[in-house]
Protein chains: 2
Amino acid sequence: MSAPMTVADATSAATLLARCDELAAYSSLPDGLIERVYLSPEHAAVNAVAARWMTEAGLTTWQDAAGNLCGRLEGAEPGLPALLLGSHLDTVPSAGRYDGILGVLTAIAVVQRIRASGRTLPFALEVVAFADEEGTRFGRALLGSRALAGTWDDAWWELRDAEGTSLHDAFLAWGLDPARIGDAARRPEQLVGYLEAHIEQGPVLEDEDRALGVVSSIAGARRFMVSVIGAAGHSGTPYERRRDALAGAAEAIVAIERIARTAQLIATVGQLEVSPGAVNVIPGRVDFSLDLRGEYDSERDRIWQVIQDTLSELCERRGLRWESVQTHSAPAAACSARLREVVAAGIRSTGDERPLSLFSKAGHDAMAVAAIAEIGMLFVRCEGGVSHNPAEHVTEADVAATIDAVEQAVLALADSSDGAERAPR
Amino acid sequence: MSAPMTVADATSAATLLARCDELAAYSSLPDGLIERVYLSPEHAAVNAVAARWMTEAGLTTWQDAAGNLCGRLEGAEPGLPALLLGSHLDTVPSAGRYDGILGVLTAIAVVQRIRASGRTLPFALEVVAFADEEGTRFGRALLGSRALAGTWDDAWWELRDAEGTSLHDAFLAWGLDPARIGDAARRPEQLVGYLEAHIEQGPVLEDEDRALGVVSSIAGARRFMVSVIGAAGHSGTPYERRRDALAGAAEAIVAIERIARTAQLIATVGQLEVSPGAVNVIPGRVDFSLDLRGEYDSERDRIWQVIQDTLSELCERRGLRWESVQTHSAPAAACSARLREVVAAGIRSTGDERPLSLFSKAGHDAMAVAAIAEIGMLFVRCEGGVSHNPAEHVTEADVAATIDAVEQAVLALADSSDGAERAPR
């Protein structure tokens with residue numbers, strides 16, 4: 001009687017939350033703060049822990065050529081195309097413990113339940129724990145899922161982290177072979193689709209009093225590094241002679257907020273560096289990041305032009321100049337009608353008769369996987385809409401609903417696949 | 001014939017500029033950029049070079065208990081009170097090669113000339129090369145001159161540099177004994193006064209087509225570290241839910257510029273740190289430095305109150321909070337009538353019949369020395385008013401006028417001292 005009890009426990013919401021706590025301890029930051037970046041010792045450690053859980057769930061596991069952790073459960077016969085279930089295990093600095101992690105652990109729990117039920121599916125199930133979604137270390141997001149999608153860009157090998165280590169050298173130091181990165185790529189014919197559960201990172205579900213929601217599409221983001229260049233000088237210099245890069249950047253940041261807000265887009269300046277950075281020296285140069293996202297790519301691109309015009313005007317007025325480089329660009333990605341429907345079916349099975357549909361303002365691994373497979377996403381309510389913050393929180397009841405809904409979504413897809421296959425024959 | 005030629009060369013403007021170039025090579029930064037901070041290997045190196053020049057000029061040299069380099073030439077009899085001539089040898093990051101250095105090298109050249117002339121003065125002459133004026137390493141300015149003035153604060157021992165090294169431990173590592181800091185202090189009765197030549201760090205002399213100017217007073221500065229605190233969150237978070245510390249800080253920086261400019265004060269935000277500092281995370285906290293200076297202390301203090309009220313208003317509106325700590329406060333320091341007059345006499349001797357008087361917007365070692373001696377300052381035109389920048393520049397003709405004017409100012413003081421001593425007797 002003890003073995004079934006153990007299996008049931010391992011797929012409960014309580015276990016899942018305990019595992020989130022366990023993974024939170026693998027961090028490069030002290031004092032309980034979480035930061036876990038690509039190709040770090042913490043990355044290796046959580047892959048090892050998650051691999052053990054996958055093995056206990058009955059999956060065959062391996063680490064792919066990009067450091068993503070994968071686990072597979074065969075379907076009705078070996079070698080069938082796979083439905084991928086997953087999310088990521090890397091984090092931002094001072095992160096919460098659910099963003100990404102919840103989706104990976106939900107995937108493991110769901111596969112473990114289906115295997116325990118003895119039911120065989122018309123497709124294989126694979127869990128993927130992506131190694132880099134946030135882009136914290138190398139400033140480029142979705143490295144793990146871009147490798148799996150076969151859309152890796154060789155220019156990335158020269159990306160450098162804050163210590164000056166190139167992505168290429170980081171691969172070698174972590175025991176990966178850059179020359180084999182292509183081995184991580186999957187082919188479309190190997191895949192049935194990709195399903196990802198994720199915290200909402202926004203307030204819509206909470207405001208609407210729903211635990212779960214169906215994602216319609218993922219907004220595309222463009223990211224830039226903007227440099228404002230003036231002239232360093234002594235802090236006693238009068239205003240007529242100043243070319244203060246930080247005063248100019250501050251005016252730009254206020255303007256960017258106003259422009260984006262008016263256009264119902266979202267702009268975030270999350271990084272800003274001042275040079276030379278002394279208390280008694282006028283800043284000669286400021287570099288800041290800009291993350292620009294919206295539901296429609298065309299509107300987002302139009303607003304970037306408005307921001308550029310504003311930068312030109314204020315820099316000319318202040319005797320400054322500016323330049324920018326684009327560091328990331330992702331088009332909006334739509335979830336497929338079929339996977340939206342099975343996610344909705346999963347949510348209905350938890351008692352929510354009319355599941356809410358919403359679009360994602362945050363980027364997700366699903367955007368990258370969309371290049372080779374249809375995608376679906378389920379959102380989970382998070383307290384206050386807060387994420388990327390130690391205060392990130394989900395309830396046990398919502399996690400229980402998440403596991404149930406994803407399990408039922410997979411089974412609904414299996415039913416529709418069985419039906420689809422039977423019908424034409 | 002060769003010995004007098006060597007002496008003449010050593011006190012020329014060309015030699016002085018060549019020595020500025022020579023000292024510029026002692027830097028902790030690569031690529032020709034200059035940074036030389038307190039208690040660093042570069043500090044030791046430039047003290048050694050300058051000590052050699054002082055010795056060649058006929059001075060008895062020593063390094064005091066704070067790491068200041070001193071050199072003395074006795075007057076008509078040994079042990080007379082001394083007129084101090086000096087400035088500093090430390091720098092900001094990415095500094096120019098004249099701020100501070102020019103004053104020290106001028107002092108050496110002037111003493112060397114007076115000694116070579118065979119004239120004995122009614123006071124001793126001392127050259128002081130202060131070891132820390134800028135406060136670059138420990139964030140606290142005037143450490144060298146505060147030690148000499150006997151106004152050292154024992155709380156400073158716990159100041160830490162960017163690597164976490166305390167000032168106390170830096171003293172030990174550099175070979176100084178913190179317990180002996182009091183030995184650096186001079187007593188008022190040992191001093192006749194303090195005279196400092198310095199680049200203007202502003203455009204007034206250039207605009208007025210003058211090489212030199214008499215400093216009337218040195219504006220007092222107050223410095224603060226201001227923290228704006230919001231909540232970190234995912235960059236997809238909608239505006240209604242954001243508590244973006246950087247957007248708030250940017251609005252504050254724009255407001256501070258407007259307020260200070262309107263009040264004819266100068267405010268500089270030279271440092272700014274964003275936490276957590278990721279491209280896709282709303283900043284939860286921003287810390288920035290504020291340097292506030294003006295001719296009148298009362299007006300400066302009133303404007304700081306206006307800035308605080310503005311911070312409170314904008315933080316309340318944005319769901320943020322703010323706090324500040326004062327890191328530096330110096331009252332305005334007046335130059336004495338007697339030393340203003342001898343500086344003016346020195347400038348007149350160079351052919352400028354009606355020397356311009358101006359106040360200093362920048363702080364100087366003279367502010368600290370004012371606690372124990374009357375002070376006088378001479379300003380030298382610098383190109384475009386630029387300082388704290390590699391582009392800092394002075395002309396050879398202006399340097400020649402500087403050496404001549406300071407020499408004549410010292411002699412004018414000797415004449416008036418002779419007269420003053422003779423008159424009552």
# chains A, B, ... in the order shown; residues from 1 in each chain; ligands from 1
>>> interface_residues(of="chain B", to="chain A", cutoff="7 Å", atoms="only C-alpha atoms", output="ChimeraX atom specification")
/B:93-94,136,201-202,232-238,247,250-251,253-254,266,268-272,274,276-283,289,291,361-362,386-389
>>> write_last_selection(atoms="C-alpha atoms", output="PDB file, in the first residue's frame")
ATOM      1  CA  PRO B  93      38.126  58.502 -12.141  1.00  0.00           C
ATOM      2  CA  SER B  94      38.977  59.414 -15.766  1.00  0.00           C
ATOM      3  CA  THR B 136      37.118  59.014  -4.834  1.00  0.00           C
ATOM      4  CA  GLN B 201      36.911  74.346 -13.174  1.00  0.00           C
ATOM      5  CA  GLY B 202      34.510  76.874 -14.641  1.00  0.00           C
ATOM      6  CA  ALA B 232      10.708  44.955  -8.289  1.00  0.00           C
ATOM      7  CA  GLY B 233       8.459  43.167 -10.742  1.00  0.00           C
ATOM      8  CA  HIS B 234       8.268  41.623 -14.173  1.00  0.00           C
ATOM      9  CA  SER B 235       8.629  43.973 -17.103  1.00  0.00           C
ATOM     10  CA  GLY B 236       5.241  42.811 -18.364  1.00  0.00           C
ATOM     11  CA  THR B 237       3.469  44.323 -15.342  1.00  0.00           C
ATOM     12  CA  PRO B 238       0.915  46.970 -16.414  1.00  0.00           C
ATOM     13  CA  ALA B 247      10.934  55.995 -13.204  1.00  0.00           C
ATOM     14  CA  ALA B 250      14.313  59.871 -13.177  1.00  0.00           C
ATOM     15  CA  GLU B 251      11.429  62.231 -12.463  1.00  0.00           C
ATOM     16  CA  ILE B 253      16.510  64.042 -11.232  1.00  0.00           C
ATOM     17  CA  VAL B 254      14.693  66.132 -13.830  1.00  0.00           C
ATOM     18  CA  ILE B 266      24.154  73.736  -8.833  1.00  0.00           C
ATOM     19  CA  THR B 268      24.808  67.170  -9.597  1.00  0.00           C
ATOM     20  CA  VAL B 269      23.673  63.554  -9.618  1.00  0.00           C
ATOM     21  CA  GLY B 270      26.923  61.781 -10.431  1.00  0.00           C
ATOM     22  CA  GLN B 271      26.284  58.230  -9.203  1.00  0.00           C
ATOM     23  CA  LEU B 272      23.208  56.069  -9.666  1.00  0.00           C
ATOM     24  CA  VAL B 274      19.670  50.346  -9.979  1.00  0.00           C
ATOM     25  CA  PRO B 276      18.071  44.476  -9.119  1.00  0.00           C
ATOM     26  CA  GLY B 277      19.323  45.753 -12.480  1.00  0.00           C
ATOM     27  CA  ALA B 278      18.019  43.290 -15.068  1.00  0.00           C
ATOM     28  CA  VAL B 279      16.690  44.126 -18.506  1.00  0.00           C
ATOM     29  CA  ASN B 280      13.320  42.483 -17.797  1.00  0.00           C
ATOM     30  CA  VAL B 281      12.780  43.517 -14.175  1.00  0.00           C
ATOM     31  CA  ILE B 282      11.143  46.734 -12.981  1.00  0.00           C
ATOM     32  CA  PRO B 283      13.678  48.446 -10.685  1.00  0.00           C
ATOM     33  CA  SER B 289      24.207  60.739  -5.057  1.00  0.00           C
ATOM     34  CA  ASP B 291      25.895  67.172  -4.674  1.00  0.00           C
ATOM     35  CA  LYS B 361      31.832  76.587  -7.068  1.00  0.00           C
ATOM     36  CA  ALA B 362      34.130  73.620  -6.467  1.00  0.00           C
ATOM     37  CA  VAL B 386      36.254  71.656 -18.309  1.00  0.00           C
ATOM     38  CA  SER B 387      37.714  69.593 -15.460  1.00  0.00           C
ATOM     39  CA  HIS B 388      37.295  66.078 -14.056  1.00  0.00           C
ATOM     40  CA  ASN B 389      37.680  64.956 -17.636  1.00  0.00           C
TER      41      ASN B 389
END
>>> select_by_dssp(residues="stretch 140-281 of chain B", states="alpha helix (DSSP H)", output="ChimeraX atom specification")
/B:143-148,167-174,204-207,245-262
>>> residues_around(residues="B:Ala50", least_positions_apart="3", cutoff="9 Å", atoms="only C-alpha atoms", output="list of chain:residue names")
B:Leu23, B:Ala45, B:Val46, B:Asn47, B:Trp53, B:Met54, B:Thr55, B:Leu69, B:Val104, B:Leu105, B:Ile108, B:Ala129
>>> write_last_selection(atoms="N, CA and C atoms", output="PDB file, in the first residue's frame")
ATOM      1  N   LEU B  23      53.332  62.693 -14.062  1.00  0.00           N
ATOM      2  CA  LEU B  23      52.466  62.168 -12.981  1.00  0.00           C
ATOM      3  C   LEU B  23      51.225  61.471 -13.546  1.00  0.00           C
ATOM      4  N   ALA B  45      53.553  56.097  -5.355  1.00  0.00           N
ATOM      5  CA  ALA B  45      54.489  56.382  -6.452  1.00  0.00           C
ATOM      6  C   ALA B  45      54.608  57.879  -6.707  1.00  0.00           C
ATOM      7  N   VAL B  46      53.461  58.606  -6.762  1.00  0.00           N
ATOM      8  CA  VAL B  46      53.565  60.047  -7.047  1.00  0.00           C
ATOM      9  C   VAL B  46      54.158  60.794  -5.864  1.00  0.00           C
ATOM     10  N   ASN B  47      53.929  60.323  -4.638  1.00  0.00           N
ATOM     11  CA  ASN B  47      54.591  60.951  -3.485  1.00  0.00           C
ATOM     12  C   ASN B  47      56.116  60.821  -3.616  1.00  0.00           C
ATOM     13  N   TRP B  53      61.393  65.831  -6.535  1.00  0.00           N
ATOM     14  CA  TRP B  53      61.381  67.204  -7.048  1.00  0.00           C
ATOM     15  C   TRP B  53      61.525  68.213  -5.899  1.00  0.00           C
ATOM     16  N   MET B  54      60.855  67.928  -4.779  1.00  0.00           N
ATOM     17  CA  MET B  54      60.968  68.828  -3.622  1.00  0.00           C
ATOM     18  C   MET B  54      62.413  68.875  -3.127  1.00  0.00           C
ATOM     19  N   THR B  55      63.039  67.707  -3.064  1.00  0.00           N
ATOM     20  CA  THR B  55      64.430  67.648  -2.597  1.00  0.00           C
ATOM     21  C   THR B  55      65.331  68.441  -3.532  1.00  0.00           C
ATOM     22  N   LEU B  69      52.268  64.477   1.461  1.00  0.00           N
ATOM     23  CA  LEU B  69      53.695  64.721   1.280  1.00  0.00           C
ATOM     24  C   LEU B  69      53.984  66.188   1.590  1.00  0.00           C
ATOM     25  N   VAL B 104      50.262  71.895  -6.709  1.00  0.00           N
ATOM     26  CA  VAL B 104      51.414  71.308  -6.012  1.00  0.00           C
ATOM     27  C   VAL B 104      52.704  71.655  -6.746  1.00  0.00           C
ATOM     28  N   LEU B 105      52.694  71.481  -8.075  1.00  0.00           N
ATOM     29  CA  LEU B 105      53.920  71.716  -8.844  1.00  0.00           C
ATOM     30  C   LEU B 105      54.263  73.204  -8.899  1.00  0.00           C
ATOM     31  N   ILE B 108      56.061  73.935  -5.646  1.00  0.00           N
ATOM     32  CA  ILE B 108      57.466  73.494  -5.675  1.00  0.00           C
ATOM     33  C   ILE B 108      58.316  74.478  -6.479  1.00  0.00           C
ATOM     34  N   ALA B 129      51.448  68.446  -0.475  1.00  0.00           N
ATOM     35  CA  ALA B 129      50.740  67.707  -1.535  1.00  0.00           C
ATOM     36  C   ALA B 129      49.738  66.801  -0.828  1.00  0.00           C
TER      37      ALA B 129
END
>>> residues_around(residues="stretch 401-412 of chain B", least_positions_apart="2", cutoff="6 Å", atoms="only C-alpha atoms", output="PyMOL selection string")
chain B and resi 106+110+342-343+346-347+398-399+414-415
>>> select_by_dssp(residues="stretch 306-402 of chain B", states="strand (DSSP E)", output="list of chain:residue names")
B:Arg321, B:Trp322, B:Glu323, B:Ser324, B:Val325, B:Gln326, B:Thr327, B:His328, B:Ser329, B:Ala333, B:Ala334, B:Leu356, B:Ser357, B:Leu358, B:Phe359, B:Ser360, B:Ile375, B:Gly376, B:Met377, B:Leu378, B:Phe379, B:Val380
>>> atom_distance(atom1="atom CA of A:Asp297", atom2="atom CA of A:Tyr98")
28.2 Å
>>> residues_around(residues="B:Leu73", least_positions_apart="6", cutoff="7 Å", atoms="only C-alpha atoms", output="PyMOL selection string")
chain B and resi 59-60+124-126
>>> residues_around(residues="B:Pro178", least_positions_apart="6", cutoff="9 Å", atoms="only C-alpha atoms", output="mmCIF file with N, CA and C atoms, in the first residue's frame")
data_model
loop_
_atom_site.group_PDB
_atom_site.id
_atom_site.type_symbol
_atom_site.label_atom_id
_atom_site.label_comp_id
_atom_site.auth_asym_id
_atom_site.auth_seq_id
_atom_site.Cartn_x
_atom_site.Cartn_y
_atom_site.Cartn_z
ATOM 1 N N ALA B 65 51.361 61.709 8.823
ATOM 2 C CA ALA B 65 50.650 60.534 9.325
ATOM 3 C C ALA B 65 49.391 60.193 8.536
ATOM 4 N N ALA B 66 49.000 61.096 7.611
ATOM 5 C CA ALA B 66 47.834 60.822 6.757
ATOM 6 C C ALA B 66 48.250 60.490 5.333
ATOM 7 N N TRP B 157 37.092 55.905 10.175
ATOM 8 C CA TRP B 157 37.875 54.661 10.100
ATOM 9 C C TRP B 157 37.047 53.516 9.542
ATOM 10 N N HIS B 168 40.521 52.247 7.930
ATOM 11 C CA HIS B 168 41.458 51.789 8.953
ATOM 12 C C HIS B 168 42.423 50.744 8.381
ATOM 13 N N ASP B 169 41.864 49.729 7.710
ATOM 14 C CA ASP B 169 42.710 48.670 7.166
ATOM 15 C C ASP B 169 43.558 49.167 5.995
ATOM 16 N N PHE B 171 44.836 52.142 5.807
ATOM 17 C CA PHE B 171 45.988 52.805 6.442
ATOM 18 C C PHE B 171 47.080 51.785 6.757
ATOM 19 N N LEU B 172 46.670 50.693 7.408
ATOM 20 C CA LEU B 172 47.645 49.674 7.802
ATOM 21 C C LEU B 172 48.332 49.069 6.581
#
